Amino acid sequence: MTGIKHFLVFLLMLSVTITGYATMQRDNVLKGNKAYSAGTYSVAAEHYKKVVDAGYESSELYYNLGNTYFKLNDYASAILWYERAKRLDPGNEDIDFNLNVANTKISDKIEPLPELFYKRWFNDLVHVFSVDTWAMMCVCMFITGLFGLVLYMASRVMVLRKIGFWTALVVFSLTIITMVLAWNGYNFTKSASEAIVFAPTITVKSSPDDKSTDLFVLHEGTKVRLLDDISGWYEIRIANGSVGWLPNNSLEKI
Amino acid sequence: MIKRLIFFIITSVILSVTAGYCQDVRLTGQAKQVVMVGETFTLVYTLNAQGSGFRGPNIQGINVLSGPNTSQSSSVRFINGSTTMSITYTFTYLLQASREGTFDIPVATVTANGKQITSNKLSIKVLKNSNSPGTQYKGSGNQNQGGGSQPGVSAGNANDVYIKAFASSSNPLQGEGIVVTYKIFTKVPIAQINISKLSSFSGFWSQNLMKENDKLQQTTQVIDGEQYIVADIRKIALFPLKSGRLVIDPLELSCVAQVRRQTKTRTGDPFFDDFFNDSFFNSGIANVEKNLKSNPLIISVKPLPEEGRPADFSGAVGNFTFHSEVDKTRLKTNEAVTLKCTVSGKGNIQLIDKMDVVFPPDFESYDPKVTSDIQTSVSGISGNQTFEYLLIPRKPGKFNIKSIRFSYFDLEKRRYVTLTSPEFDLEIEKGSGESGAAMTYSGANKEDIKYIGSDIRHIKDNNFRLTRTGARFFISTGFWLLLIFPALVFLVFLILWRKLAARRSDTVLMKNIKATKVARKRLQKAEEFQKSGNVDNFYVAISQALWGYLSDKFSIAMAELSIESVHDALVRKNVSETIIAQFIETLNNTEFSRFAPGEKNVNMERIYNEALEIISKMERELK
């Protein structure tokens with residue numbers, strides 16, 4: 001009995017600590033917002049960074065941070081944070097809009113390779129909701145499907161049994177679909193296989209070696225896909241399909 | 001313009017007037033009568049009036065080098081108050097005799113004062129060219145053909161004057177400079193040196209080393225006991241452009257040699273002879289035109305060694321130093337910076353036409369400005385070649401201009417030498433007026449400028465949820481629990497449901513099977529009650545047998561049973577209407593007899609039989 005009591009007290013304290021901590025971060029976010037609105041962008045950036053450093057995330061927080069860097073004319077950082085925000089909330093129109101604006105400010109204009117139409121559609125679909133939304137939908141569908149099955153089995157009324165059966169069939173299919181979408185979204189979020197160039201100007205090499213041939217030049221703020229990682233060098237691919245090597249320190253993973 | 005026109009009109013009026021007075025209009029052809037083969041000479045037609053429509057002679061056997069060239073002169077003379085004006089037209093041909101023989105030059109015609117005027121005919125004798133004296137001009141002195149005088153043999157001597165070509169080296173390396181000198185050797189004074197044919201230096205890059213005022217510095221040299229005056233006519237630096245046997249063809253020139261004639265006046269008096277034959281009095285000097293030709297030179301050019309040849313070697317041979325510099329290393333975007341590379345030294349420096357410079361791609365670079373400062377001296381060519389590159393960085397950042405390499409073949413060390421400049425680190429800052437410039441730049445570079453000038457959307461100020469970084473509902477324990485727990489609940493429900501259903505279906509079946517037995521048992525009981533005369537119990541037993549049979553057989557709860565529901569249930573079971581009617585009648589009869597007043601024993605036998613019969617019928621019907 002006393003054991004249970006102790007455990008409950010511990011849980012209570014833990015929750016208080018956690019909520020207290022979270023409240024502190026809340027304050028930081030509010031301070032950041034205030035500073036942003038006042039036009040003191042560097043102060044806003046500091047506050048937002050504190051929250052991020054404390055280990056919290058939110059697409060809105062990243063978005064705000066991106067805005068702050070944009071206002072500080074640090075377009076590479078702005079793009080980095082917009083991209084991070086986009087990972088958490090892929091379908092968000094505001095993030096897309098600001099990311100586009102930031103991308104017009106950087107030097108490199110890369111013509112992206114056209115994606116196969118079904119891949120594009122699928123990716124668009126995956127990004128309609130965030131991963132967790134898809135996951136919640138998946139769970140809800142599953143439970144609804146179970147209810148449908150119960151209805152089918154338990155009901156003595158023919159109409160109800162039919163409704164139960166079809167509901168279960170449709171809803172279980174949807175469960176699988178949402179599961180797949182959530183999984184794809186999750187992979188997109190988790191894979192740090194994209195990065196932003198942070199060096200003002202950097203020459204992409206043909207191999208992971210300073211002496212190798214210069215292939216092309218990238219500038220600050222350009223997004224690259226990481227393919228390989230060898231002793232301080234990343235193999236990268238840019239949107240138009242060109243591949244080369246860049247030193248690690250010139251890139252910041254999304 | 002008008003002035004000129006007026007002048008022209010006046011002149012032409014005067015001229016025409018003068019021409020009118022001039023009675024004796026003549027066209028006279030003049031040329032040398034005797035020429036040598038190969039000699040060039042002039043043929044001049046003179047017209048002492050204004051003429052037009054000159055038609056030259058048809059000259060055959062003699063090459064026409066140029067002509068007719070028309071020239072005009074006029075003069076006005078005032079003599080004793082009277083004014084004379086004369087005008088002369090000359091038509092000049094430059095001719096060259098190509099072969100021996102006598103050639104007639106037919107008449108030429110011209111139109112003057114409306115009349116056609118014909119010239120005189122000419123005859124030209126072409127003699128065979130030999131080393132013998134050419135056309136002899138009448139010199140300043142008297143040339144006494146007779147009187148025992150004889151032409152000086154020395155004037156015809158080929159060794160009196162000749163030219164010779166010397167090469168400083170006859171087998172240089174490719175690109176190594178050699179100096180070719182043409183010297184004239186003469187024992188007699190010469191004048192009017194005219195180079196008629198220059199050597200063509202095919203396969204070489206040449207540079208004249210002699211300036212005009214350097215010409216003909218004379219020295220004396222004794223060759224085979226004879227004293228010669230030697231002068232450099234031409235000095236040329238040659239740089240072979242290819243390897244192999246290259247031939248420099250001879251230089252040809254013509255000059256006038258002043259040949260002293262030993263005109264011995266033989267008076268017989270030694271004193272007079274000596275007196276008149278000295279240099280002062282014996283001024284018999286003949287001007288002899290001579291055509292001279294130098295020897296051809298054969299230069300065998302060795303190729304440059306293959307081994308150790310740098311990849312960026314572009315042909316520079318000599319001895320060079322290399323220097324490069326930038327005028328500033330810290331600057332702002334869109335400012336200009338100059339990179340200067342200077343190659344200086346001795347060798348084929350003017351052949352260095354480009355530097356291998358790699359600029360960072362973000363630099364706008366222009367073609368270099370090349371300035372050469374070349375000194376030509378008799379020893380060869382030296383100087384420096386400067387390449388000035390103008391660069392404009394367009395982007396801020398740290399840039400590096402890689403070291404520039406310049407390779408040449410060192411003639412002294414006999415190997416390739418590569419000189420490198422230091423690397424230049426340039427730090428480019430954003431220019432102050434950069435925003436405008438950069439905007440233009442990016443605008444020019446990009447397709448869509450629709451966002452330029454627009455702004456980002458405002459931050460999210462709503463009370464959004466903060467989550468721990470990396471915390472995801474998907475794949476989390478909570479997610480799996482939410483999936484598994486309902487599934488487990490469902491499974492439990494499924495199992496329970498199955499059991500319940502099984503049990504229920506069992507009781508129904510058992511009841512169905514036992515229904516007939518139970519009914520028979522109850523009827524037996526009723527029979528016992530009938531015998532013992534227990535009327536009430538008999539009817540209860542019959543009623544129970546009938547209702548119980550229905551309940552068990554058709555799975556209808558006892559409480560739900562009534563006459564109406566029995567009818568519906570039996571209809572649903574496809575029991576025939578007659579049997580249903582009989583069954584219901586039996587039920588009614590039972591109830592009626594049970595509660596009817598009067599003698600109950602009478603009906604007992606009948607009710608019992610009816611019940612027994614209808615159950616048996618029902619059994620048969622349901623099978």
# chains A, B, ... in the order shown; residues from 1 in each chain; ligands from 1
>>> residues_around(residues="Lys332 in chain B", least_positions_apart="3", cutoff="10 Å", atoms="only C-alpha atoms", output="compact mmCIF listing (two decimals) with N, CA and C atoms, in the first residue's frame")
# COMPACT_ATOMS: atom_id res chain seq x y z
N THR B 329 43.49 42.33 -51.94
CA THR B 329 42.98 41.02 -51.55
C THR B 329 41.68 41.13 -50.77
N GLU B 335 33.32 45.20 -57.08
CA GLU B 335 34.51 46.03 -57.28
C GLU B 335 35.47 45.24 -58.15
N ALA B 336 36.34 45.97 -58.81
CA ALA B 336 37.25 45.28 -59.72
C ALA B 336 38.57 45.01 -59.04
N VAL B 337 39.17 43.90 -59.39
CA VAL B 337 40.50 43.57 -58.91
C VAL B 337 41.31 43.16 -60.15
N ILE B 392 35.85 40.82 -61.64
CA ILE B 392 34.83 41.45 -60.81
C ILE B 392 34.10 40.36 -60.05
N PRO B 393 34.32 40.28 -58.75
CA PRO B 393 33.59 39.27 -57.97
C PRO B 393 32.13 39.68 -57.84
N ARG B 394 31.26 38.71 -58.01
CA ARG B 394 29.82 39.00 -57.93
C ARG B 394 29.20 38.49 -56.66
N LYS B 395 29.93 37.66 -55.93
CA LYS B 395 29.36 37.06 -54.73
C LYS B 395 30.32 37.26 -53.57
N PRO B 396 29.79 37.46 -52.39
CA PRO B 396 30.70 37.57 -51.25
C PRO B 396 31.23 36.19 -50.85
N GLY B 397 32.31 36.21 -50.13
CA GLY B 397 32.86 34.95 -49.66
C GLY B 397 34.37 34.97 -49.74
N GLU B 427 39.24 37.99 -50.18
CA GLU B 427 38.09 38.04 -49.29
C GLU B 427 37.12 39.07 -49.82
N ILE B 428 35.96 38.60 -50.20
CA ILE B 428 34.99 39.49 -50.82
C ILE B 428 33.88 39.75 -49.80
N GLU B 429 33.67 40.98 -49.52
CA GLU B 429 32.58 41.34 -48.62
C GLU B 429 31.40 41.81 -49.45
N LYS B 430 30.27 41.81 -48.78
CA LYS B 430 29.10 42.34 -49.48
C LYS B 430 29.28 43.82 -49.67
N GLY B 431 29.08 44.28 -50.86
CA GLY B 431 29.24 45.70 -51.13
C GLY B 431 28.12 46.48 -50.46
N SER B 432 28.38 47.75 -50.21
CA SER B 432 27.38 48.54 -49.50
C SER B 432 26.16 48.75 -50.38
N GLY B 433 26.40 49.06 -51.61
CA GLY B 433 25.27 49.27 -52.52
C GLY B 433 24.86 47.96 -53.17
N GLU B 434 25.10 46.89 -52.44
CA GLU B 434 25.00 45.57 -53.04
C GLU B 434 23.57 45.16 -53.30
>>> interface_residues(of="chain B", to="chain A", cutoff="6 Å", atoms="only C-alpha atoms", output="list in words")
Gly397, Ile456, Ile459, Lys460, Leu466, Thr467, Arg468, Thr469, Phe473, Phe474 and Leu483 of chain B
>>> atom_distance(atom1="CA of Ile349 in chain B", atom2="CA of Leu251 in chain B")
26.5 Å
>>> residues_around(residues="Asn92 in chain A", least_positions_apart="6", cutoff="9 Å", atoms="only C-alpha atoms", output="ChimeraX atom specification")
/A:85-86,127-129
>>> write_last_selection(atoms="C-alpha atoms", output="compact mmCIF listing (two decimals), in the first residue's frame")
# COMPACT_ATOMS: atom_id res chain seq x y z
CA ALA A 85 9.16 22.77 -40.18
CA LYS A 86 8.00 21.23 -43.43
CA HIS A 127 2.05 15.21 -47.12
CA VAL A 128 -1.62 16.09 -46.78
CA PHE A 129 -1.45 15.30 -43.06
>>> residues_around(residues="range 236-246 of chain A", least_positions_apart="6", cutoff="12 Å", atoms="only C-alpha atoms", output="NGL selection string")
:A and (108-115 or 193-199 or 201-219 or 222-230 or 252-253)
>>> atom_distance(atom1="CA of Asp552 in chain B", atom2="CA of Ser155 in chain A")
23.7 Å
>>> residues_around(residues="Ala108 in chain B", least_positions_apart="2", cutoff="6 Å", atoms="only C-alpha atoms", output="PyMOL selection string")
chain B and resi 55-57+118-119
>>> write_last_selection(atoms="N, CA and C atoms", output="mmCIF file, in the first residue's frame")
data_model
loop_
_atom_site.group_PDB
_atom_site.id
_atom_site.type_symbol
_atom_site.label_atom_id
_atom_site.label_comp_id
_atom_site.auth_asym_id
_atom_site.auth_seq_id
_atom_site.Cartn_x
_atom_site.Cartn_y
_atom_site.Cartn_z
ATOM 1 N N ARG B 55 46.230 55.006 -125.031
ATOM 2 C CA ARG B 55 46.234 53.575 -125.300
ATOM 3 C C ARG B 55 47.677 53.155 -125.472
ATOM 4 N N GLY B 56 48.115 52.362 -124.528
ATOM 5 C CA GLY B 56 49.515 51.979 -124.503
ATOM 6 C C GLY B 56 49.857 50.994 -125.602
ATOM 7 N N PRO B 57 51.142 50.811 -125.804
ATOM 8 C CA PRO B 57 51.575 49.861 -126.833
ATOM 9 C C PRO B 57 51.377 48.430 -126.376
ATOM 10 N N THR B 118 50.041 59.932 -132.194
ATOM 11 C CA THR B 118 50.753 58.671 -132.158
ATOM 12 C C THR B 118 52.185 58.919 -131.713
ATOM 13 N N SER B 119 52.678 57.977 -130.967
ATOM 14 C CA SER B 119 54.052 58.129 -130.477
ATOM 15 C C SER B 119 55.020 57.510 -131.467
#
>>> select_by_dssp(residues="range 95-221 of chain A", states="helix (DSSP H, G or I)", output="ChimeraX atom specification")
/A:95-105,117-126,131-154,158-190
>>> write_last_selection(atoms="C-alpha atoms", output="CSV table (one decimal), in the first residue's frame")
chain,number,residue,atom,x,y,z
A,95,ILE,CA,5.6,27.0,-44.7
A,96,ASP,CA,5.6,26.3,-48.4
A,97,PHE,CA,5.0,30.0,-49.2
A,98,ASN,CA,7.8,31.3,-47.0
A,99,LEU,CA,10.2,28.6,-48.2
A,100,ASN,CA,9.5,29.7,-51.7
A,101,VAL,CA,10.2,33.3,-50.9
A,102,ALA,CA,13.4,32.4,-49.2
A,103,ASN,CA,14.4,30.2,-52.1
A,104,THR,CA,14.1,33.2,-54.4
A,105,LYS,CA,16.7,35.0,-52.3
A,117,PHE,CA,3.5,11.5,-61.9
A,118,TYR,CA,2.4,8.7,-59.6
A,119,LYS,CA,5.4,9.3,-57.3
A,120,ARG,CA,4.4,13.0,-57.1
A,121,TRP,CA,0.8,12.2,-56.4
A,122,PHE,CA,1.8,9.7,-53.7
A,123,ASN,CA,4.1,12.2,-52.1
A,124,ASP,CA,1.5,14.9,-52.2
A,125,LEU,CA,-1.0,12.5,-50.6
A,126,VAL,CA,1.5,11.5,-47.9
A,131,VAL,CA,2.6,11.6,-39.6
A,132,ASP,CA,0.9,11.6,-36.3
A,133,THR,CA,-2.4,12.7,-37.8
A,134,TRP,CA,-2.1,9.7,-40.2
A,135,ALA,CA,-1.3,7.5,-37.2
A,136,MET,CA,-4.3,8.7,-35.2
A,137,MET,CA,-6.5,8.2,-38.2
A,138,CYS,CA,-5.1,4.7,-38.6
A,139,VAL,CA,-5.9,3.8,-35.0
A,140,CYS,CA,-9.4,5.3,-35.3
A,141,MET,CA,-10.1,3.3,-38.4
A,142,PHE,CA,-8.9,0.2,-36.8
A,143,ILE,CA,-11.2,0.6,-33.8
A,144,THR,CA,-14.1,1.5,-36.1
A,145,GLY,CA,-13.4,-1.6,-38.1
A,146,LEU,CA,-13.5,-3.8,-35.0
A,147,PHE,CA,-16.8,-2.3,-34.0
A,148,GLY,CA,-18.0,-3.1,-37.5
A,149,LEU,CA,-17.0,-6.7,-37.0
A,150,VAL,CA,-18.7,-6.9,-33.7
A,151,LEU,CA,-21.9,-5.6,-35.2
A,152,TYR,CA,-21.7,-8.1,-37.9
A,153,MET,CA,-21.2,-11.0,-35.6
A,154,ALA,CA,-23.5,-10.0,-32.7
A,158,MET,CA,-29.9,-8.7,-41.2
A,159,VAL,CA,-29.5,-5.0,-42.2
A,160,LEU,CA,-27.2,-4.3,-39.2
A,161,ARG,CA,-25.1,-7.4,-39.9
A,162,LYS,CA,-24.6,-6.2,-43.5
A,163,ILE,CA,-23.7,-2.7,-42.4
A,164,GLY,CA,-21.3,-4.1,-39.9
A,165,PHE,CA,-19.6,-6.3,-42.6
A,166,TRP,CA,-19.1,-3.6,-45.2
A,167,THR,CA,-18.0,-1.0,-42.6
A,168,ALA,CA,-15.4,-3.5,-41.4
A,169,LEU,CA,-14.2,-4.2,-44.9
A,170,VAL,CA,-13.9,-0.6,-46.0
A,171,VAL,CA,-12.5,0.7,-42.7
A,172,PHE,CA,-9.8,-2.0,-42.5
A,173,SER,CA,-8.6,-1.2,-46.0
A,174,LEU,CA,-8.4,2.5,-44.9
A,175,THR,CA,-6.4,1.4,-41.8
A,176,ILE,CA,-3.9,-0.2,-44.0
A,177,ILE,CA,-3.7,2.8,-46.4
A,178,THR,CA,-3.3,5.3,-43.6
A,179,MET,CA,-0.7,3.0,-42.0
A,180,VAL,CA,1.3,3.0,-45.3
A,181,LEU,CA,1.0,6.8,-45.6
A,182,ALA,CA,2.0,7.3,-42.0
A,183,TRP,CA,5.0,5.1,-42.6
A,184,ASN,CA,6.1,7.0,-45.7
A,185,GLY,CA,5.7,10.3,-43.9
A,186,TYR,CA,7.6,8.9,-41.0
A,187,ASN,CA,10.5,7.9,-43.3
A,188,PHE,CA,10.5,11.3,-44.8
A,189,THR,CA,10.6,13.0,-41.4
A,190,LYS,CA,13.2,10.6,-39.9
>>> atom_distance(atom1="CA of Leu331 in chain B", atom2="CA of Phe359 in chain B")
15.9 Å
>>> residues_around(residues="Ala316 in chain B", least_positions_apart="6", cutoff="9 Å", atoms="only C-alpha atoms", output="list in words")
Gly175, Glu176, Gly347, Asn348, Ile349, Leu351, Ile352, Ser407, Tyr408, Phe409 and Asp410 of chain B
>>> write_last_selection(atoms="N, CA and C atoms", output="mmCIF file, in the first residue's frame")
data_model
loop_
_atom_site.group_PDB
_atom_site.id
_atom_site.type_symbol
_atom_site.label_atom_id
_atom_site.label_comp_id
_atom_site.auth_asym_id
_atom_site.auth_seq_id
_atom_site.Cartn_x
_atom_site.Cartn_y
_atom_site.Cartn_z
ATOM 1 N N GLY B 175 62.120 26.543 -81.109
ATOM 2 C CA GLY B 175 61.834 27.655 -80.228
ATOM 3 C C GLY B 175 63.064 28.401 -79.750
ATOM 4 N N GLU B 176 64.226 27.834 -79.997
ATOM 5 C CA GLU B 176 65.451 28.517 -79.600
ATOM 6 C C GLU B 176 65.777 29.568 -80.655
ATOM 7 N N GLY B 347 64.183 35.204 -74.866
ATOM 8 C CA GLY B 347 63.675 34.063 -75.599
ATOM 9 C C GLY B 347 62.513 34.466 -76.475
ATOM 10 N N ASN B 348 61.749 33.506 -76.877
ATOM 11 C CA ASN B 348 60.626 33.797 -77.777
ATOM 12 C C ASN B 348 59.444 34.342 -76.990
ATOM 13 N N ILE B 349 59.707 35.453 -76.360
ATOM 14 C CA ILE B 349 58.762 35.973 -75.371
ATOM 15 C C ILE B 349 57.464 36.439 -75.997
ATOM 16 N N LEU B 351 55.920 35.062 -78.252
ATOM 17 C CA LEU B 351 55.066 33.928 -78.608
ATOM 18 C C LEU B 351 54.219 33.470 -77.434
ATOM 19 N N ILE B 352 54.525 33.991 -76.248
ATOM 20 C CA ILE B 352 53.705 33.642 -75.089
ATOM 21 C C ILE B 352 52.434 34.472 -75.209
ATOM 22 N N SER B 407 55.344 27.359 -67.717
ATOM 23 C CA SER B 407 56.407 26.410 -68.021
ATOM 24 C C SER B 407 57.171 26.869 -69.249
ATOM 25 N N TYR B 408 58.446 26.674 -69.207
ATOM 26 C CA TYR B 408 59.248 26.969 -70.391
ATOM 27 C C TYR B 408 60.416 26.012 -70.434
ATOM 28 N N PHE B 409 61.073 25.983 -71.560
ATOM 29 C CA PHE B 409 62.260 25.148 -71.700
ATOM 30 C C PHE B 409 63.485 26.035 -71.494
ATOM 31 N N ASP B 410 64.240 25.687 -70.483
ATOM 32 C CA ASP B 410 65.406 26.496 -70.169
ATOM 33 C C ASP B 410 66.557 26.040 -71.050
#
>>> residues_around(residues="Val180 in chain B", least_positions_apart="2", cutoff="10 Å", atoms="only C-alpha atoms", output="list in words")
Ala165, Phe166, Ala167, Ser168, Ser169, Ser170, Gly177, Ile178, Tyr182, Lys183, Ser206, Asn208, Leu209, Arg234, Lys235, Ile236, Ala237, Leu238, Ile248 and Leu297 of chain B
>>> write_last_selection(atoms="N, CA and C atoms", output="short mmCIF file (atom, residue, chain, number, x, y, z; two decimals), in the first residue's frame")
data_model
loop_
_atom_site.label_atom_id
_atom_site.label_comp_id
_atom_site.auth_asym_id
_atom_site.auth_seq_id
_atom_site.Cartn_x
_atom_site.Cartn_y
_atom_site.Cartn_z
N ALA B 165 75.06 34.97 -96.09
CA ALA B 165 74.20 34.84 -94.91
C ALA B 165 74.88 33.96 -93.88
N PHE B 166 74.79 34.37 -92.64
CA PHE B 166 75.37 33.58 -91.55
C PHE B 166 74.26 33.29 -90.55
N ALA B 167 74.26 32.08 -90.04
CA ALA B 167 73.33 31.76 -88.96
C ALA B 167 74.15 31.52 -87.71
N SER B 168 73.66 32.01 -86.57
CA SER B 168 74.41 31.85 -85.34
C SER B 168 74.46 30.39 -84.92
N SER B 169 73.50 29.63 -85.35
CA SER B 169 73.51 28.21 -85.05
C SER B 169 72.74 27.51 -86.15
N SER B 170 73.26 26.41 -86.60
CA SER B 170 72.57 25.75 -87.69
C SER B 170 71.70 24.60 -87.22
N GLY B 177 66.08 30.75 -80.17
CA GLY B 177 66.32 31.82 -81.13
C GLY B 177 67.69 31.71 -81.78
N ILE B 178 67.70 31.94 -83.07
CA ILE B 178 68.99 32.05 -83.75
C ILE B 178 69.02 33.42 -84.43
N TYR B 182 72.96 38.96 -92.64
CA TYR B 182 73.37 39.08 -94.03
C TYR B 182 74.45 40.13 -94.09
N LYS B 183 75.57 39.73 -94.66
CA LYS B 183 76.68 40.68 -94.73
C LYS B 183 77.04 40.92 -96.18
N SER B 206 59.94 35.56 -87.00
CA SER B 206 61.13 36.39 -87.19
C SER B 206 60.92 37.76 -86.58
N ASN B 208 63.04 41.53 -86.79
CA ASN B 208 64.18 42.27 -87.31
C ASN B 208 64.96 42.89 -86.16
N LEU B 209 66.22 42.69 -86.18
CA LEU B 209 67.04 43.17 -85.07
C LEU B 209 67.72 44.50 -85.38
N ARG B 234 71.42 43.06 -92.97
CA ARG B 234 70.22 42.70 -92.21
C ARG B 234 70.60 41.75 -91.10
N LYS B 235 69.88 41.89 -90.01
CA LYS B 235 70.11 40.99 -88.89
C LYS B 235 68.73 40.60 -88.38
N ILE B 236 68.46 39.34 -88.33
CA ILE B 236 67.10 38.89 -88.01
C ILE B 236 67.17 37.81 -86.95
N ALA B 237 66.34 37.96 -85.97
CA ALA B 237 66.22 36.88 -84.97
C ALA B 237 65.14 35.93 -85.46
N LEU B 238 65.46 34.66 -85.47
CA LEU B 238 64.50 33.67 -85.95
C LEU B 238 64.22 32.65 -84.86
N ILE B 248 66.20 28.51 -95.41
CA ILE B 248 66.00 29.96 -95.56
C ILE B 248 66.48 30.31 -96.96
N LEU B 297 70.38 29.16 -96.53
CA LEU B 297 70.82 28.54 -95.27
C LEU B 297 69.92 27.35 -94.99
#
>>> decode(residues="range 172-187 of chain A", atoms="N, CA and C atoms", output="compact mmCIF listing (two decimals), in the first residue's frame")
# COMPACT_ATOMS: atom_id res chain seq x y z
N PHE A 172 -11.11 -1.35 -42.60
CA PHE A 172 -9.83 -2.04 -42.45
C PHE A 172 -8.90 -1.72 -43.62
N SER A 173 -9.45 -1.57 -44.82
CA SER A 173 -8.61 -1.15 -45.96
C SER A 173 -8.02 0.22 -45.69
N LEU A 174 -8.89 1.11 -45.18
CA LEU A 174 -8.41 2.46 -44.87
C LEU A 174 -7.33 2.42 -43.81
N THR A 175 -7.46 1.50 -42.87
CA THR A 175 -6.45 1.37 -41.83
C THR A 175 -5.10 1.07 -42.46
N ILE A 176 -5.12 0.14 -43.38
CA ILE A 176 -3.86 -0.24 -44.02
C ILE A 176 -3.30 0.94 -44.82
N ILE A 177 -4.19 1.62 -45.54
CA ILE A 177 -3.72 2.76 -46.36
C ILE A 177 -3.11 3.84 -45.47
N THR A 178 -3.83 4.21 -44.42
CA THR A 178 -3.30 5.27 -43.55
C THR A 178 -1.99 4.83 -42.92
N MET A 179 -1.90 3.56 -42.60
CA MET A 179 -0.67 3.02 -42.00
C MET A 179 0.49 3.23 -42.98
N VAL A 180 0.26 2.89 -44.25
CA VAL A 180 1.31 3.03 -45.28
C VAL A 180 1.70 4.51 -45.42
N LEU A 181 0.69 5.36 -45.47
CA LEU A 181 0.97 6.80 -45.62
C LEU A 181 1.76 7.31 -44.43
N ALA A 182 1.33 6.90 -43.23
CA ALA A 182 2.04 7.34 -42.03
C ALA A 182 3.48 6.85 -42.07
N TRP A 183 3.65 5.64 -42.53
CA TRP A 183 5.00 5.07 -42.59
C TRP A 183 5.89 5.86 -43.55
N ASN A 184 5.32 6.22 -44.70
CA ASN A 184 6.09 7.01 -45.66
C ASN A 184 6.43 8.39 -45.12
N GLY A 185 5.42 8.98 -44.50
CA GLY A 185 5.67 10.29 -43.90
C GLY A 185 6.72 10.20 -42.83
N TYR A 186 6.67 9.13 -42.07
CA TYR A 186 7.62 8.92 -40.98
C TYR A 186 9.03 8.81 -41.54
N ASN A 187 9.18 8.05 -42.62
CA ASN A 187 10.49 7.91 -43.25
C ASN A 187 11.01 9.25 -43.73
